[in-house]
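To start, the structure under review is shown below, and the notes come after it.
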Amino acid sequence: MPRRRLMLVLDKLIITDLFKTMLAALAVIVVIIVSRKFIKILAKAIEGEVSTHAILAILGLKTIVAMVSLLPAAAFIAVIMVLGRMYRDQEMSAIASAGGGVALLYRAVFMLMFPLSLFAMELSLVTAPWANATIQEMLHKDAQSAGTRSIAAGRFSEYKQGELVIYVEDIDAHKVMHKVFVQTRQKGKLGIINAETASFQDLPAGRFFVFENGERVQGEPGQLDFIIEKFAEYAVRIQLPETAVNLVLESITSQRLMETRSIVDIAEVQRRLSIPLSILVLSALAIPLAQISPRGGVYGNLFTAFLVYFSYMNLEKISRSWVVSGNLPVWSGYISAYFITLLLVVILLVRLYGREWVLMKLTGRPIS
């Protein structure tokens, strides 16, 4: 008895086209979304809230987060475009004449989409929260050191509404500042420090601004009791704000969310699980939706596909808001969105192949 091959030549062709098209669609969508986010990151960098060396790291992490959330859309578009091209080029007619039907298409598509959904589950439950948490920690760390990081050569830098003014003539490659002038004003007393060199040093007791070979003058303007002292080394501790990182909901690990009974946390877990499930549901919908007239072109049903996708996403958001507000039970989650989508799949299959064909496939008996 001949052994049946696990993957047919047609399966390989469809899977290869789907994979290439999905990567192209995902790249285009992610670039558009991340470009908008990158502009906001650059604005924070210009204001000194984000360090320059952290920009690329934050951009890469945001790309991961965007890629995870956009995987269902890329998979949906890929199935529509690949099968739509096959309909236009009469390849579907050739497959049908050879005895191939919708089951063969579902087989080929889901041989790619099922492992992709498992990969998306790992990304959604583990990788995306880690990326969001890392971004929050980097932004928090940069916000703490924003004041000292923005010191530039040849420019007066003002902090704490004029209580601290720093001027540096030059900064070398080792971050050592030369010809440093510092003016402080605390409780009406004026302090001035002139030093040949200065640098920031992280010591066990904290971070210090260390001056070398300079002079310190302190007193109250209008009075004669000024303190003037010369030093070989003088250190001032920098008081960084002691604040904790406030992680947003998307940054909390899935395991921690599952351990709570909060409706909001449970809804967030359901949102993360909806990404791999949406890949499967939307792929099932895209197969009958991809049928187009041979004269309709490759993009014949693409506009309809966009409307269907945005309707599906809005239905998911509505379901989530109803779960959070208590209008739907927690266990229901996005079941309504999946049920309506799968019902639409059945309707499209009936329209595509006829009621008799569907009944024959369900009962396994020919209709007389």
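Residues in the structure tokens are named by chain (A, B, ... in the order shown) and by number from 1 within that chain; ligands are numbered from 1 in the order shown.
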
From a DSSP pass on the backbone, collect the residues of stretch 85-284 of chain A flagged as helix (DSSP H, G or I) and hand them back as a PyMOL selection string.
chain A and resi 85-88+91-97+102-144+146-149+249-251+254-258+263-284

Which residues of stretch 232-347 of chain A have any atom within 12 Å of an atom in stretch 125-128 of chain A when counting only C-alpha atoms, and what is the closest pair of atoms for each, with the distance in Å to one decimal? Order the rows by chain and rising number and write it as CSV.
```
residue,atom,partner,partner_atom,distance
A:Leu249,CA,A:Ala128,CA,11.6
A:Glu250,CA,A:Ala128,CA,8.0
A:Ser251,CA,A:Ala128,CA,7.8
A:Ile252,CA,A:Val126,CA,9.7
A:Thr253,CA,A:Val126,CA,6.9
A:Ser254,CA,A:Leu125,CA,5.7
A:Gln255,CA,A:Leu125,CA,8.6
A:Arg256,CA,A:Leu125,CA,11.1
A:Leu257,CA,A:Leu125,CA,10.4
A:Met258,CA,A:Leu125,CA,10.9
A:Glu268,CA,A:Leu125,CA,10.2
A:Val269,CA,A:Leu125,CA,7.9
A:Gln270,CA,A:Leu125,CA,10.1
A:Arg271,CA,A:Leu125,CA,9.7
A:Arg272,CA,A:Leu125,CA,6.1
A:Leu273,CA,A:Leu125,CA,7.4
A:Ser274,CA,A:Leu125,CA,10.4
A:Ile275,CA,A:Leu125,CA,9.6
A:Pro276,CA,A:Leu125,CA,10.1
```

Please produce an output containing C-alpha atoms for each residue in the selection, written as a compact mmCIF listing (two decimals), in the first residue's frame.
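Dumped to result-v8.txt:
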```txt
# COMPACT_ATOMS: atom_id res chain seq x y z
CA LEU A 249 -0.87 46.59 32.47
CA GLU A 250 0.79 45.44 29.23
CA SER A 251 4.14 45.15 31.06
CA ILE A 252 3.01 42.75 33.80
CA THR A 253 3.91 39.10 33.27
CA SER A 254 1.13 36.74 32.23
CA GLN A 255 1.83 34.44 35.18
CA ARG A 256 1.29 37.29 37.63
CA LEU A 257 -1.94 38.31 35.88
CA MET A 258 -3.26 34.74 36.02
CA GLU A 268 -5.65 41.44 29.69
CA VAL A 269 -4.78 37.73 29.67
CA GLN A 270 -7.71 37.12 27.32
CA ARG A 271 -6.42 39.90 25.04
CA ARG A 272 -3.02 38.24 24.86
CA LEU A 273 -4.59 34.85 24.11
CA SER A 274 -6.75 36.44 21.42
CA ILE A 275 -3.69 37.07 19.22
CA PRO A 276 -2.94 33.40 18.41
```

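Coordinates place atom CA of A:His178 at a distance of 21.6 Å from atom CA of A:Gln218.
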
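Using only C-alpha atoms, the residues found no farther than 9 Å from stretch 306-312 of chain A, other than those of its own chain fewer than 3 positions away, are A:Ala73, A:Phe76, A:Ile77, A:Leu282, A:Asn301, A:Leu302, A:Phe303, A:Leu315, A:Glu316, A:Lys317, A:Ala337, A:Tyr338, A:Ile340, A:Thr341.
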
Could you please take those selected residues and save C-alpha atoms as a tab-separated table (two decimals), in the first residue's frame?
```
chain	number	residue	atom	x	y	z
A	73	ALA	CA	-3.59	41.25	10.39
A	76	PHE	CA	-5.21	37.59	7.21
A	77	ILE	CA	-3.91	39.83	4.42
A	282	LEU	CA	-9.15	35.07	10.56
A	301	ASN	CA	-11.62	41.53	-2.20
A	302	LEU	CA	-8.91	43.37	-0.26
A	303	PHE	CA	-11.13	46.35	0.56
A	315	LEU	CA	-15.99	43.49	18.14
A	316	GLU	CA	-13.07	42.21	20.22
A	317	LYS	CA	-12.66	45.63	21.88
A	337	ALA	CA	-16.30	37.63	18.30
A	338	TYR	CA	-15.10	34.14	17.44
A	340	ILE	CA	-19.79	35.55	14.78
A	341	THR	CA	-16.63	35.17	12.67
```

For atom CA of A:Val330 and atom CA of A:Ser124, quote the distance in Å rounded to one decimal.
20.0 Å

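Of the listed residues A:Gly60, A:Pro129, A:Pro72, A:Gly191, the one whose atoms come nearest to A:Leu285 is A:Pro72, with distances taken using only C-alpha atoms.
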
I want to know what sits within 10 Å of A:Ala286, based on only C-alpha atoms, with residues of the same chain fewer than 6 positions away left out; could you give that as a VMD selection string?
chain A and resid 75 to 81 83 to 84 109 280 301 305 308 to 309 345 348

Quick one: write out the picked residues with N, CA and C atoms as a PDB file, in the first residue's frame?
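Output contents, as saved in out.pdb:
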```
ATOM      1  N   ALA A  75      -1.285  37.861   8.741  1.00  0.00           N
ATOM      2  CA  ALA A  75      -1.705  36.533   8.289  1.00  0.00           C
ATOM      3  C   ALA A  75      -2.987  36.611   7.473  1.00  0.00           C
ATOM      4  N   PHE A  76      -3.926  37.425   7.911  1.00  0.00           N
ATOM      5  CA  PHE A  76      -5.206  37.591   7.213  1.00  0.00           C
ATOM      6  C   PHE A  76      -4.988  38.163   5.811  1.00  0.00           C
ATOM      7  N   ILE A  77      -4.185  39.214   5.720  1.00  0.00           N
ATOM      8  CA  ILE A  77      -3.906  39.835   4.419  1.00  0.00           C
ATOM      9  C   ILE A  77      -3.170  38.860   3.500  1.00  0.00           C
ATOM     10  N   ALA A  78      -2.239  38.083   4.067  1.00  0.00           N
ATOM     11  CA  ALA A  78      -1.466  37.145   3.245  1.00  0.00           C
ATOM     12  C   ALA A  78      -2.369  36.094   2.610  1.00  0.00           C
ATOM     13  N   VAL A  79      -3.304  35.538   3.372  1.00  0.00           N
ATOM     14  CA  VAL A  79      -4.204  34.522   2.824  1.00  0.00           C
ATOM     15  C   VAL A  79      -5.094  35.134   1.744  1.00  0.00           C
ATOM     16  N   ILE A  80      -5.605  36.325   1.986  1.00  0.00           N
ATOM     17  CA  ILE A  80      -6.458  36.992   1.000  1.00  0.00           C
ATOM     18  C   ILE A  80      -5.697  37.220  -0.307  1.00  0.00           C
ATOM     19  N   MET A  81      -4.471  37.713  -0.214  1.00  0.00           N
ATOM     20  CA  MET A  81      -3.711  38.062  -1.416  1.00  0.00           C
ATOM     21  C   MET A  81      -3.254  36.823  -2.189  1.00  0.00           C
ATOM     22  N   LEU A  83      -4.437  33.576  -2.102  1.00  0.00           N
ATOM     23  CA  LEU A  83      -5.549  32.832  -2.705  1.00  0.00           C
ATOM     24  C   LEU A  83      -6.270  33.683  -3.756  1.00  0.00           C
ATOM     25  N   GLY A  84      -6.321  34.994  -3.542  1.00  0.00           N
ATOM     26  CA  GLY A  84      -6.931  35.864  -4.551  1.00  0.00           C
ATOM     27  C   GLY A  84      -6.163  35.824  -5.863  1.00  0.00           C
ATOM     28  N   VAL A 109      -3.225  26.008   4.236  1.00  0.00           N
ATOM     29  CA  VAL A 109      -3.137  27.255   5.013  1.00  0.00           C
ATOM     30  C   VAL A 109      -2.829  26.972   6.473  1.00  0.00           C
ATOM     31  N   LEU A 280      -5.888  31.989  13.767  1.00  0.00           N
ATOM     32  CA  LEU A 280      -6.618  30.822  13.271  1.00  0.00           C
ATOM     33  C   LEU A 280      -7.995  31.204  12.747  1.00  0.00           C
ATOM     34  N   ASN A 301     -10.886  41.600  -3.465  1.00  0.00           N
ATOM     35  CA  ASN A 301     -11.619  41.530  -2.201  1.00  0.00           C
ATOM     36  C   ASN A 301     -10.844  42.138  -1.046  1.00  0.00           C
ATOM     37  N   ALA A 305     -11.955  42.805   2.762  1.00  0.00           N
ATOM     38  CA  ALA A 305     -11.196  42.161   3.836  1.00  0.00           C
ATOM     39  C   ALA A 305     -10.826  43.158   4.924  1.00  0.00           C
ATOM     40  N   VAL A 308     -13.886  43.793   7.012  1.00  0.00           N
ATOM     41  CA  VAL A 308     -14.158  42.649   7.873  1.00  0.00           C
ATOM     42  C   VAL A 308     -13.175  42.620   9.044  1.00  0.00           C
ATOM     43  N   TYR A 309     -11.896  42.902   8.772  1.00  0.00           N
ATOM     44  CA  TYR A 309     -10.884  42.854   9.830  1.00  0.00           C
ATOM     45  C   TYR A 309     -11.144  43.935  10.883  1.00  0.00           C
ATOM     46  N   VAL A 345     -17.913  32.460   8.336  1.00  0.00           N
ATOM     47  CA  VAL A 345     -17.185  31.476   7.521  1.00  0.00           C
ATOM     48  C   VAL A 345     -18.162  30.482   6.905  1.00  0.00           C
ATOM     49  N   LEU A 348     -20.196  32.131   4.112  1.00  0.00           N
ATOM     50  CA  LEU A 348     -19.408  32.306   2.890  1.00  0.00           C
ATOM     51  C   LEU A 348     -19.180  30.981   2.170  1.00  0.00           C
TER      52      LEU A 348
END
```

The distance between atom CA of A:Ile41 and atom CA of A:Ile58 is 8.2 Å

Give the strand (DSSP E or B) residues of stretch 62-272 of chain A, as DSSP finds them on the backbone, and put them as a PDB file with C-alpha atoms, in the first residue's frame.
```pdb
ATOM      1  CA  ALA A 153      30.161  71.661  26.299  1.00  0.00           C
ATOM      2  CA  ARG A 155      26.543  75.850  27.034  1.00  0.00           C
ATOM      3  CA  PHE A 156      24.974  76.938  30.311  1.00  0.00           C
ATOM      4  CA  SER A 157      22.691  74.222  31.674  1.00  0.00           C
ATOM      5  CA  GLU A 158      20.048  75.286  34.178  1.00  0.00           C
ATOM      6  CA  TYR A 159      18.283  72.945  36.622  1.00  0.00           C
ATOM      7  CA  LEU A 164      21.762  75.005  39.814  1.00  0.00           C
ATOM      8  CA  VAL A 165      23.670  76.366  36.792  1.00  0.00           C
ATOM      9  CA  ILE A 166      26.526  74.433  35.171  1.00  0.00           C
ATOM     10  CA  TYR A 167      28.919  75.540  32.456  1.00  0.00           C
ATOM     11  CA  VAL A 168      31.531  73.226  30.921  1.00  0.00           C
ATOM     12  CA  GLU A 169      34.099  74.444  28.438  1.00  0.00           C
ATOM     13  CA  ASP A 170      34.957  70.998  27.029  1.00  0.00           C
ATOM     14  CA  ILE A 171      34.100  67.300  27.487  1.00  0.00           C
ATOM     15  CA  MET A 177      34.639  67.793  31.879  1.00  0.00           C
ATOM     16  CA  HIS A 178      37.277  70.542  31.657  1.00  0.00           C
ATOM     17  CA  LYS A 179      37.066  74.153  32.914  1.00  0.00           C
ATOM     18  CA  VAL A 180      33.928  73.680  34.959  1.00  0.00           C
ATOM     19  CA  PHE A 181      31.835  76.458  36.498  1.00  0.00           C
ATOM     20  CA  VAL A 182      28.955  75.603  38.880  1.00  0.00           C
ATOM     21  CA  GLN A 183      26.609  78.030  40.611  1.00  0.00           C
ATOM     22  CA  THR A 184      24.216  76.867  43.322  1.00  0.00           C
ATOM     23  CA  ARG A 185      21.632  78.763  45.333  1.00  0.00           C
ATOM     24  CA  GLN A 186      20.206  77.197  48.480  1.00  0.00           C
ATOM     25  CA  LYS A 189      23.147  81.399  50.010  1.00  0.00           C
ATOM     26  CA  LEU A 190      25.113  81.543  46.806  1.00  0.00           C
ATOM     27  CA  GLY A 191      27.775  78.950  46.061  1.00  0.00           C
ATOM     28  CA  ILE A 192      30.259  78.976  43.193  1.00  0.00           C
ATOM     29  CA  ILE A 193      32.664  76.215  42.245  1.00  0.00           C
ATOM     30  CA  ASN A 194      35.442  76.584  39.694  1.00  0.00           C
ATOM     31  CA  ALA A 195      37.419  73.472  38.844  1.00  0.00           C
ATOM     32  CA  GLU A 196      39.895  72.369  36.215  1.00  0.00           C
ATOM     33  CA  THR A 197      38.182  69.005  35.718  1.00  0.00           C
ATOM     34  CA  ALA A 198      35.052  67.247  36.917  1.00  0.00           C
ATOM     35  CA  SER A 199      33.278  63.962  36.313  1.00  0.00           C
ATOM     36  CA  PHE A 200      30.360  61.869  37.513  1.00  0.00           C
ATOM     37  CA  GLN A 201      31.330  58.837  39.573  1.00  0.00           C
ATOM     38  CA  ASP A 202      29.112  56.036  40.883  1.00  0.00           C
ATOM     39  CA  LEU A 203      30.357  55.223  44.386  1.00  0.00           C
ATOM     40  CA  GLY A 206      25.577  56.950  45.530  1.00  0.00           C
ATOM     41  CA  ARG A 207      26.379  59.088  42.516  1.00  0.00           C
ATOM     42  CA  PHE A 208      28.726  62.031  43.026  1.00  0.00           C
ATOM     43  CA  PHE A 209      29.836  65.068  41.019  1.00  0.00           C
ATOM     44  CA  VAL A 210      33.594  65.023  41.685  1.00  0.00           C
ATOM     45  CA  PHE A 211      35.629  68.225  41.098  1.00  0.00           C
ATOM     46  CA  GLU A 212      39.425  68.341  40.954  1.00  0.00           C
ATOM     47  CA  ASN A 213      41.866  71.244  41.428  1.00  0.00           C
ATOM     48  CA  GLY A 214      39.504  74.131  42.008  1.00  0.00           C
ATOM     49  CA  GLU A 215      38.046  76.763  44.288  1.00  0.00           C
ATOM     50  CA  ARG A 216      34.769  76.965  46.175  1.00  0.00           C
ATOM     51  CA  VAL A 217      33.108  80.214  47.285  1.00  0.00           C
ATOM     52  CA  GLN A 218      29.969  80.281  49.445  1.00  0.00           C
ATOM     53  CA  GLY A 219      28.103  83.120  51.107  1.00  0.00           C
ATOM     54  CA  ILE A 227      33.762  81.159  52.687  1.00  0.00           C
ATOM     55  CA  ILE A 228      36.593  80.747  50.188  1.00  0.00           C
ATOM     56  CA  GLU A 229      38.447  77.470  50.014  1.00  0.00           C
ATOM     57  CA  LYS A 230      40.692  75.712  47.537  1.00  0.00           C
ATOM     58  CA  PHE A 231      40.632  71.974  47.063  1.00  0.00           C
ATOM     59  CA  ALA A 232      42.406  69.185  45.251  1.00  0.00           C
ATOM     60  CA  GLU A 233      39.237  67.127  45.190  1.00  0.00           C
ATOM     61  CA  TYR A 234      35.675  68.016  46.145  1.00  0.00           C
ATOM     62  CA  ALA A 235      32.614  65.799  45.733  1.00  0.00           C
ATOM     63  CA  VAL A 236      28.935  66.690  45.752  1.00  0.00           C
ATOM     64  CA  ARG A 237      26.355  63.925  46.038  1.00  0.00           C
TER      65      ARG A 237
END
```

Taking into account only C-alpha atoms, which residue in the set A:Glu137, A:Glu220, A:Asp172, A:Asp17 is nearest to A:Val82?
A:Asp17

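Candidate residues A:Thr260, A:Ser278, A:Ser35, A:Asn132 were compared for distance to A:Ala120, and the nearest is A:Ser278, using only C-alpha atoms.
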
Write out as a ChimeraX atom specification the residues lying within 7 Å of A:Leu59, counting only C-alpha atoms and excluding same-chain residues fewer than 4 positions away.
/A:38,55,63
